[in-house]
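**Student:** Dropping the structure in here first, questions after.
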Amino acid sequence: MKRRITALLSLAVLFCISTSAQIIYKVEGNGLKNPSYIFGTHHLAPLSVIDEVPGCRDAYKSASQVVGEIDMTVNQMELASKIQRYMIAPADSTLSRVISPEDFGRISEEFRKWAPMPGMELQMLEGMKPMVITAMVSVEMVKQKLPGYNQTEQLDTYFQLQGKATGKEVIGLETPEYQAELLYCSEPISKQAEALVELLDNPVENVEKSQKLNDAYLAQDIDGLFELTKDENKDSYAFMELLINKRNADWISKLPEIFNAAPTFVAVGALHLPGEKGVIEGLRKAGYTVTAIKNK
């Protein structure tokens with residue numbers, strides 16, 4: 001069975017606008033004194049996308065608080081220490097134990113092409129969960145299609161750091177520990193290993209699929225992005241339900257109190273916005289008027 005968890009986990013990112021091609025929305029009504037805004041991010045998108053999205057900077061400037069999936073303004077060493085334990089495999093489930101010698105030898109050769117640092121070998125990551133390596137390789141694959149990508153300029157972090165620097169309150173919808181457990185512990189390690197082997201056995205195919213996801217985002221086509229991702233993960237429905245829909249429901253329950261407190265700029269992954277169980281539709285069902293800010 002093919003498993004496509006790859007680009008969705010750590011990622012997704014410009015110009016054939018469809019009728020619903022928007023990644024920024026205005027939230028009004030339901031007793032709000034001032035509007036709030038929701039912006040769909042892609043973890044590998046260039047900061048230049050901000051100026052290509054209509055009304056984004058004005059919406060951001062009007063907000064008193066910035067909301068993200070987790071608070072990225074904390075000390076990065078502290079953040080890393082909080083999530084590290086979720087990335088380590090049990091002693092009986094290290095890479096060479098969950099991947100056959102034949103597969104391990106084959107994908108080790110391919111891994112060298114996508115390693116984030118020169119000279120890094122797959123065996124050096126023996127104690128890491130396969131999902132960690134899948135995310136690492138997926139990023140490197142996407143970066144090849146994003147020549148202007150700068151890992152120090154990341155949308156979610158940018159909005160939060162700029163907000164903190166200008167006196168806006170920064171709020172995380174989840175804890176780093178919760179997100180790390182979700183990403184690295186929800187799937188059995190055996191399934192994570194299958195996904196890693198498949199990713200490295202089909203690099204060209206996966207780079208092409210990542211490119212389609214990037215193109216959909218950069219076209220501001222979140223519905224297209226959502227459909228591509230659903231198709232890629234059709235064999236992982238339960239995981240998709242946990243990764244996207246369950247979190248959406250949790251965020252929708254938290255956002256009204258946040259909106260009532262002050263005008264808010266929400267910046268979360270674009271995949272959380274569309275769909276019947278998406279944040280946009282969830283807020284509409286909760287009584288808000290949610291409208292896309294259109295290109296002029």
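To be explicit about the labels: the chains of the structure tokens are called A, B, and onward in the order shown, and within each one the residues are counted from 1, while ligands get numbers from 1 in the order they are shown.
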Mind checking which residues fall within 10 Å of stretch 80-86 of chain A, counting only C-alpha atoms, ignoring those fewer than 4 positions away in the same chain, and posting them as a list in words?

**Tutor:**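 Listed by chain and then number, they are Asn75, Gln76, Met128, Lys129, Val132, Thr175, Pro176, Glu177, Tyr178, Gln179, Ala180, Glu181, Leu182, Leu183, Tyr184 and Cys185 of chain A.
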
**Student:** Can you write just those residues out, N, CA, C and O atoms, as a JSON list (two decimals), in the first residue's frame?

**Tutor:**
[["chain", "number", "residue", "atom", "x", "y", "z"],
["A", 75, "ASN", "N", 12.77, 30.55, 23.08],
["A", 75, "ASN", "CA", 14.15, 30.20, 22.80],
["A", 75, "ASN", "C", 14.21, 28.89, 22.01],
["A", 75, "ASN", "O", 13.60, 27.88, 22.40],
["A", 76, "GLN", "N", 14.93, 28.89, 20.88],
["A", 76, "GLN", "CA", 14.94, 27.73, 19.99],
["A", 76, "GLN", "C", 15.60, 26.51, 20.63],
["A", 76, "GLN", "O", 15.20, 25.37, 20.33],
["A", 128, "MET", "N", 16.94, 7.80, 15.14],
["A", 128, "MET", "CA", 15.80, 8.69, 14.91],
["A", 128, "MET", "C", 14.61, 7.92, 14.35],
["A", 128, "MET", "O", 14.77, 6.93, 13.62],
["A", 129, "LYS", "N", 13.41, 8.38, 14.64],
["A", 129, "LYS", "CA", 12.23, 7.78, 14.04],
["A", 129, "LYS", "C", 12.20, 8.07, 12.54],
["A", 129, "LYS", "O", 12.63, 9.14, 12.10],
["A", 132, "VAL", "N", 11.01, 11.47, 11.19],
["A", 132, "VAL", "CA", 11.93, 12.61, 11.28],
["A", 132, "VAL", "C", 12.74, 12.72, 10.00],
["A", 132, "VAL", "O", 12.92, 13.81, 9.44],
["A", 175, "THR", "N", 0.71, 23.16, 22.15],
["A", 175, "THR", "CA", 2.04, 23.13, 22.76],
["A", 175, "THR", "C", 3.00, 22.42, 21.80],
["A", 175, "THR", "O", 2.57, 21.57, 21.00],
["A", 176, "PRO", "N", 4.28, 22.73, 21.87],
["A", 176, "PRO", "CA", 5.25, 22.01, 21.04],
["A", 176, "PRO", "C", 5.22, 20.50, 21.29],
["A", 176, "PRO", "O", 5.37, 19.70, 20.37],
["A", 177, "GLU", "N", 5.02, 20.13, 22.54],
["A", 177, "GLU", "CA", 4.98, 18.71, 22.88],
["A", 177, "GLU", "C", 3.81, 18.00, 22.20],
["A", 177, "GLU", "O", 3.97, 16.89, 21.68],
["A", 178, "TYR", "N", 2.65, 18.65, 22.20],
["A", 178, "TYR", "CA", 1.48, 18.04, 21.55],
["A", 178, "TYR", "C", 1.73, 17.86, 20.06],
["A", 178, "TYR", "O", 1.44, 16.80, 19.49],
["A", 179, "GLN", "N", 2.27, 18.89, 19.41],
["A", 179, "GLN", "CA", 2.51, 18.81, 17.98],
["A", 179, "GLN", "C", 3.56, 17.75, 17.65],
["A", 179, "GLN", "O", 3.41, 16.99, 16.69],
["A", 180, "ALA", "N", 4.62, 17.67, 18.45],
["A", 180, "ALA", "CA", 5.66, 16.68, 18.21],
["A", 180, "ALA", "C", 5.13, 15.26, 18.38],
["A", 180, "ALA", "O", 5.43, 14.36, 17.59],
["A", 181, "GLU", "N", 4.32, 15.06, 19.41],
["A", 181, "GLU", "CA", 3.74, 13.73, 19.62],
["A", 181, "GLU", "C", 2.84, 13.35, 18.46],
["A", 181, "GLU", "O", 2.82, 12.21, 18.00],
["A", 182, "LEU", "N", 2.08, 14.33, 17.96],
["A", 182, "LEU", "CA", 1.18, 14.09, 16.85],
["A", 182, "LEU", "C", 1.95, 13.69, 15.59],
["A", 182, "LEU", "O", 1.61, 12.72, 14.90],
["A", 183, "LEU", "N", 3.01, 14.42, 15.29],
["A", 183, "LEU", "CA", 3.76, 14.19, 14.06],
["A", 183, "LEU", "C", 4.61, 12.93, 14.11],
["A", 183, "LEU", "O", 4.71, 12.21, 13.12],
["A", 184, "TYR", "N", 5.23, 12.66, 15.26],
["A", 184, "TYR", "CA", 6.21, 11.59, 15.32],
["A", 184, "TYR", "C", 5.74, 10.32, 16.03],
["A", 184, "TYR", "O", 6.44, 9.31, 15.98],
["A", 185, "CYS", "N", 4.58, 10.38, 16.67],
["A", 185, "CYS", "CA", 4.13, 9.22, 17.45],
["A", 185, "CYS", "C", 2.78, 8.66, 17.02],
["A", 185, "CYS", "O", 2.37, 7.61, 17.51]]

**Student:** For stretch 157-172 of chain A, list every protein, DNA or RNA residue within 7 Å, evaluated using only C-alpha atoms, and leave out those in the same chain fewer than 2 positions away; present the list as a ChimeraX atom specification.

**Tutor:** /A:64-73,153-155,174-175

**Student:** Since we have the selection now, will you write its residues out, keeping N, CA and C atoms, as a PDB file, in the first residue's frame?

**Tutor:**
ATOM      1  N   SER A  64      -3.894  43.198  17.100  1.00  0.00           N
ATOM      2  CA  SER A  64      -3.199  43.406  18.372  1.00  0.00           C
ATOM      3  C   SER A  64      -2.515  42.139  18.860  1.00  0.00           C
ATOM      4  N   GLN A  65      -2.886  41.008  18.267  1.00  0.00           N
ATOM      5  CA  GLN A  65      -2.274  39.754  18.666  1.00  0.00           C
ATOM      6  C   GLN A  65      -2.112  38.836  17.453  1.00  0.00           C
ATOM      7  N   VAL A  66      -1.094  37.979  17.532  1.00  0.00           N
ATOM      8  CA  VAL A  66      -0.775  37.048  16.462  1.00  0.00           C
ATOM      9  C   VAL A  66      -0.927  35.631  16.997  1.00  0.00           C
ATOM     10  N   VAL A  67      -1.642  34.806  16.259  1.00  0.00           N
ATOM     11  CA  VAL A  67      -1.883  33.425  16.675  1.00  0.00           C
ATOM     12  C   VAL A  67      -1.238  32.475  15.670  1.00  0.00           C
ATOM     13  N   GLY A  68      -0.543  31.466  16.180  1.00  0.00           N
ATOM     14  CA  GLY A  68       0.049  30.442  15.336  1.00  0.00           C
ATOM     15  C   GLY A  68      -0.235  29.060  15.893  1.00  0.00           C
ATOM     16  N   GLU A  69       0.236  28.046  15.189  1.00  0.00           N
ATOM     17  CA  GLU A  69       0.015  26.679  15.655  1.00  0.00           C
ATOM     18  C   GLU A  69       0.711  26.458  16.991  1.00  0.00           C
ATOM     19  N   ILE A  70       1.977  26.874  17.078  1.00  0.00           N
ATOM     20  CA  ILE A  70       2.698  26.889  18.349  1.00  0.00           C
ATOM     21  C   ILE A  70       3.417  28.231  18.457  1.00  0.00           C
ATOM     22  N   ASP A  71       3.849  28.577  19.652  1.00  0.00           N
ATOM     23  CA  ASP A  71       4.580  29.821  19.874  1.00  0.00           C
ATOM     24  C   ASP A  71       6.019  29.623  19.432  1.00  0.00           C
ATOM     25  N   MET A  72       6.398  30.284  18.313  1.00  0.00           N
ATOM     26  CA  MET A  72       7.737  30.141  17.756  1.00  0.00           C
ATOM     27  C   MET A  72       8.711  31.198  18.275  1.00  0.00           C
ATOM     28  N   THR A  73       8.253  32.045  19.204  1.00  0.00           N
ATOM     29  CA  THR A  73       9.122  33.107  19.707  1.00  0.00           C
ATOM     30  C   THR A  73       9.947  32.674  20.917  1.00  0.00           C
ATOM     31  N   GLU A 153      14.041  32.459   6.944  1.00  0.00           N
ATOM     32  CA  GLU A 153      12.884  33.312   6.677  1.00  0.00           C
ATOM     33  C   GLU A 153      11.666  32.430   6.455  1.00  0.00           C
ATOM     34  N   GLN A 154      10.931  32.193   7.506  1.00  0.00           N
ATOM     35  CA  GLN A 154       9.805  31.266   7.469  1.00  0.00           C
ATOM     36  C   GLN A 154       8.552  32.015   7.907  1.00  0.00           C
ATOM     37  N   LEU A 155       7.475  31.874   7.141  1.00  0.00           N
ATOM     38  CA  LEU A 155       6.288  32.712   7.332  1.00  0.00           C
ATOM     39  C   LEU A 155       5.743  32.696   8.753  1.00  0.00           C
ATOM     40  N   GLU A 174      -1.393  25.320  20.150  1.00  0.00           N
ATOM     41  CA  GLU A 174      -0.974  24.018  20.649  1.00  0.00           C
ATOM     42  C   GLU A 174       0.366  24.156  21.355  1.00  0.00           C
ATOM     43  N   THR A 175       0.709  23.163  22.151  1.00  0.00           N
ATOM     44  CA  THR A 175       2.043  23.135  22.756  1.00  0.00           C
ATOM     45  C   THR A 175       2.998  22.418  21.802  1.00  0.00           C
TER      46      THR A 175
END

**Student:** Which value, in Å to one decimal, gives the distance between atom CA of A:Leu271 and atom CA of A:Asp201?

**Tutor:** 26.2 Å

**Student:** So what do you get for atom CA of A:Met131 versus atom CA of A:Pro116, distance-wise?

**Tutor:**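 We find that atom CA of A:Met131 and atom CA of A:Pro116 lie 15.3 Å from each other.
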
**Student:** Pick out each residue of stretch 15-241 of chain A that DSSP on the backbone tags as strand (DSSP E); I need them as a list in words.

**Tutor:** Ile24, Tyr25, Lys26, Val27, Glu28, Ser36, Tyr37, Ile38, Phe39, Gly40, Thr41, Gln65, Val66, Val67, Gly68, Glu169, Val170, Ile171 and Gly172 of chain A

**Student:** Print the selection's residues with C-alpha atoms to a file, as a tab-separated table (two decimals), in the first residue's frame.

**Tutor:**
chain	number	residue	atom	x	y	z
A	24	ILE	CA	-6.31	35.30	3.56
A	25	TYR	CA	-9.77	35.75	5.07
A	26	LYS	CA	-11.54	38.41	7.11
A	27	VAL	CA	-13.58	37.29	10.15
A	28	GLU	CA	-16.49	39.51	11.25
A	36	SER	CA	-9.81	39.47	12.73
A	37	TYR	CA	-7.95	37.74	9.91
A	38	ILE	CA	-6.81	34.23	9.01
A	39	PHE	CA	-3.80	33.66	6.75
A	40	GLY	CA	-2.89	30.23	5.38
A	41	THR	CA	0.86	29.65	5.49
A	65	GLN	CA	-2.27	39.75	18.67
A	66	VAL	CA	-0.78	37.05	16.46
A	67	VAL	CA	-1.88	33.42	16.68
A	68	GLY	CA	0.05	30.44	15.34
A	169	GLU	CA	0.71	39.36	21.95
A	170	VAL	CA	1.75	35.99	20.50
A	171	ILE	CA	-0.49	32.98	21.17
A	172	GLY	CA	0.07	29.33	20.32

**Student:** Determine which residues of stretch 54-235 of chain A DSSP labels as alpha helix (DSSP H) from the backbone of this structure, then write them out as number ranges by chain.

**Tutor:** A: 56-62, 76-87, 95-98, 101-114, 130-143, 155-165, 176-185, 189-201, 203-218, 222-232

**Student:** Point out the residue among A:Val207, A:Ala219, A:Ala63, A:Ala45 with the least atom-to-atom distance to A:Ala261, counting only C-alpha atoms.

**Tutor:** A:Ala63

**Student:** Tell me which protein, DNA and RNA residues are within 7 Å of A:Asn30, counting only C-alpha atoms, leaving out same-chain ones fewer than 2 positions away, and put them as a PyMOL selection string.

**Tutor:** chain A and resi 28+32+287-288

**Student:** Considering only C-alpha atoms, can you say which of A:Glu110, A:Glu102, A:Asp215, A:Glu194 comes closest to A:Val137?

**Tutor:**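 Using only C-alpha atoms, the shortest distance to A:Val137 belongs to A:Glu110.
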
**Student:** Counting only C-alpha atoms, which of A:Glu187, A:Glu208, A:Ala89, A:Lys113 gets nearest to A:Glu126?

**Tutor:**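 Comparing A:Glu187, A:Glu208, A:Ala89, A:Lys113 against A:Glu126, the winner is A:Ala89.
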
**Student:** Return the single residue from A:Thr94, A:Ser108, A:Asn245, A:Asn150 that is closest to A:Ile189, with distances computed using only C-alpha atoms.

**Tutor:** A:Thr94

**Student:** Of the residues A:Leu173, A:Leu283, A:Val139, A:Met124, which is the one nearest to A:Ile252, using only C-alpha atoms?

**Tutor:**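 Smallest distance to A:Ile252 is found for A:Leu283.
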
**Student:** Might you pull out every residue within 10 Å of A:Ser186, with only C-alpha atoms counted and same-chain residues fewer than 6 positions away left off, and present them as a ChimeraX atom specification?

**Tutor:** /A:180,192,238-239,242-243

**Student:** Those same residues, written as a short mmCIF file (atom, residue, chain, number, x, y, z; two decimals), in the first residue's frame with C-alpha atoms?

**Tutor:**
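For reference, result_11.cif as written:
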data_model
loop_
_atom_site.label_atom_id
_atom_site.label_comp_id
_atom_site.auth_asym_id
_atom_site.auth_seq_id
_atom_site.Cartn_x
_atom_site.Cartn_y
_atom_site.Cartn_z
CA ALA A 180 5.66 16.68 18.21
CA GLN A 192 6.83 5.37 9.17
CA ALA A 238 -7.14 7.99 9.98
CA PHE A 239 -3.85 9.85 10.11
CA LEU A 242 -5.94 13.21 13.31
CA LEU A 243 -3.45 15.58 11.69
#

**Student:** Excluding A:Ala193 and any residue of its chain fewer than 5 positions from it, enumerate the residues within 8 Å of it, using only C-alpha atoms, and give them as a list in words.

**Tutor:** Leu95, Val98, Ile99, Pro130 and Met131 of chain A

**Student:** Between A:Gly224, A:Pro263, A:Gly269, A:Pro274, which is the closest to A:Lys33 once you count only C-alpha atoms?

**Tutor:**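 Once distances to A:Lys33 are computed over only C-alpha atoms, the minimum belongs to A:Pro263.
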
**Student:** For A:Ile293, find every residue with an atom within 9 Å (counting only C-alpha atoms), except residues of its own chain fewer than 2 positions away, and show them as a PyMOL selection string.

**Tutor:** chain A and resi 22-26+53-56+291+295

**Student:** Write out the residues from the selection above, keeping N, CA and C atoms, as an mmCIF file, in the first residue's frame.

**Tutor:**
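out_34.cif, freshly written:
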data_model
loop_
_atom_site.group_PDB
_atom_site.id
_atom_site.type_symbol
_atom_site.label_atom_id
_atom_site.label_comp_id
_atom_site.auth_asym_id
_atom_site.auth_seq_id
_atom_site.Cartn_x
_atom_site.Cartn_y
_atom_site.Cartn_z
ATOM 1 N N GLN A 22 -7.750 31.887 -2.579
ATOM 2 C CA GLN A 22 -7.370 32.897 -1.597
ATOM 3 C C GLN A 22 -6.709 32.215 -0.420
ATOM 4 N N ILE A 23 -5.774 32.920 0.209
ATOM 5 C CA ILE A 23 -5.168 32.363 1.423
ATOM 6 C C ILE A 23 -5.285 33.326 2.597
ATOM 7 N N ILE A 24 -6.066 34.407 2.437
ATOM 8 C CA ILE A 24 -6.312 35.303 3.562
ATOM 9 C C ILE A 24 -7.800 35.623 3.633
ATOM 10 N N TYR A 25 -8.336 35.568 4.853
ATOM 11 C CA TYR A 25 -9.768 35.746 5.073
ATOM 12 C C TYR A 25 -10.021 36.723 6.221
ATOM 13 N N LYS A 26 -11.115 37.456 6.098
ATOM 14 C CA LYS A 26 -11.545 38.409 7.115
ATOM 15 C C LYS A 26 -12.666 37.781 7.930
ATOM 16 N N VAL A 53 -0.099 38.718 -1.571
ATOM 17 C CA VAL A 53 -1.433 38.429 -1.032
ATOM 18 C C VAL A 53 -2.134 39.744 -0.736
ATOM 19 N N PRO A 54 -3.270 40.016 -1.365
ATOM 20 C CA PRO A 54 -3.951 41.304 -1.192
ATOM 21 C C PRO A 54 -4.348 41.564 0.260
ATOM 22 N N GLY A 55 -4.009 42.763 0.745
ATOM 23 C CA GLY A 55 -4.447 43.179 2.073
ATOM 24 C C GLY A 55 -3.729 42.535 3.231
ATOM 25 N N CYS A 56 -2.711 41.701 2.954
ATOM 26 C CA CYS A 56 -2.070 40.964 4.051
ATOM 27 C C CYS A 56 -1.395 41.897 5.054
ATOM 28 N N THR A 291 -14.967 36.017 4.958
ATOM 29 C CA THR A 291 -14.893 36.341 3.529
ATOM 30 C C THR A 291 -13.443 36.447 3.078
ATOM 31 N N ASN A 295 -8.216 39.625 -4.721
ATOM 32 C CA ASN A 295 -7.280 40.378 -5.535
ATOM 33 C C ASN A 295 -8.049 41.477 -6.286
#
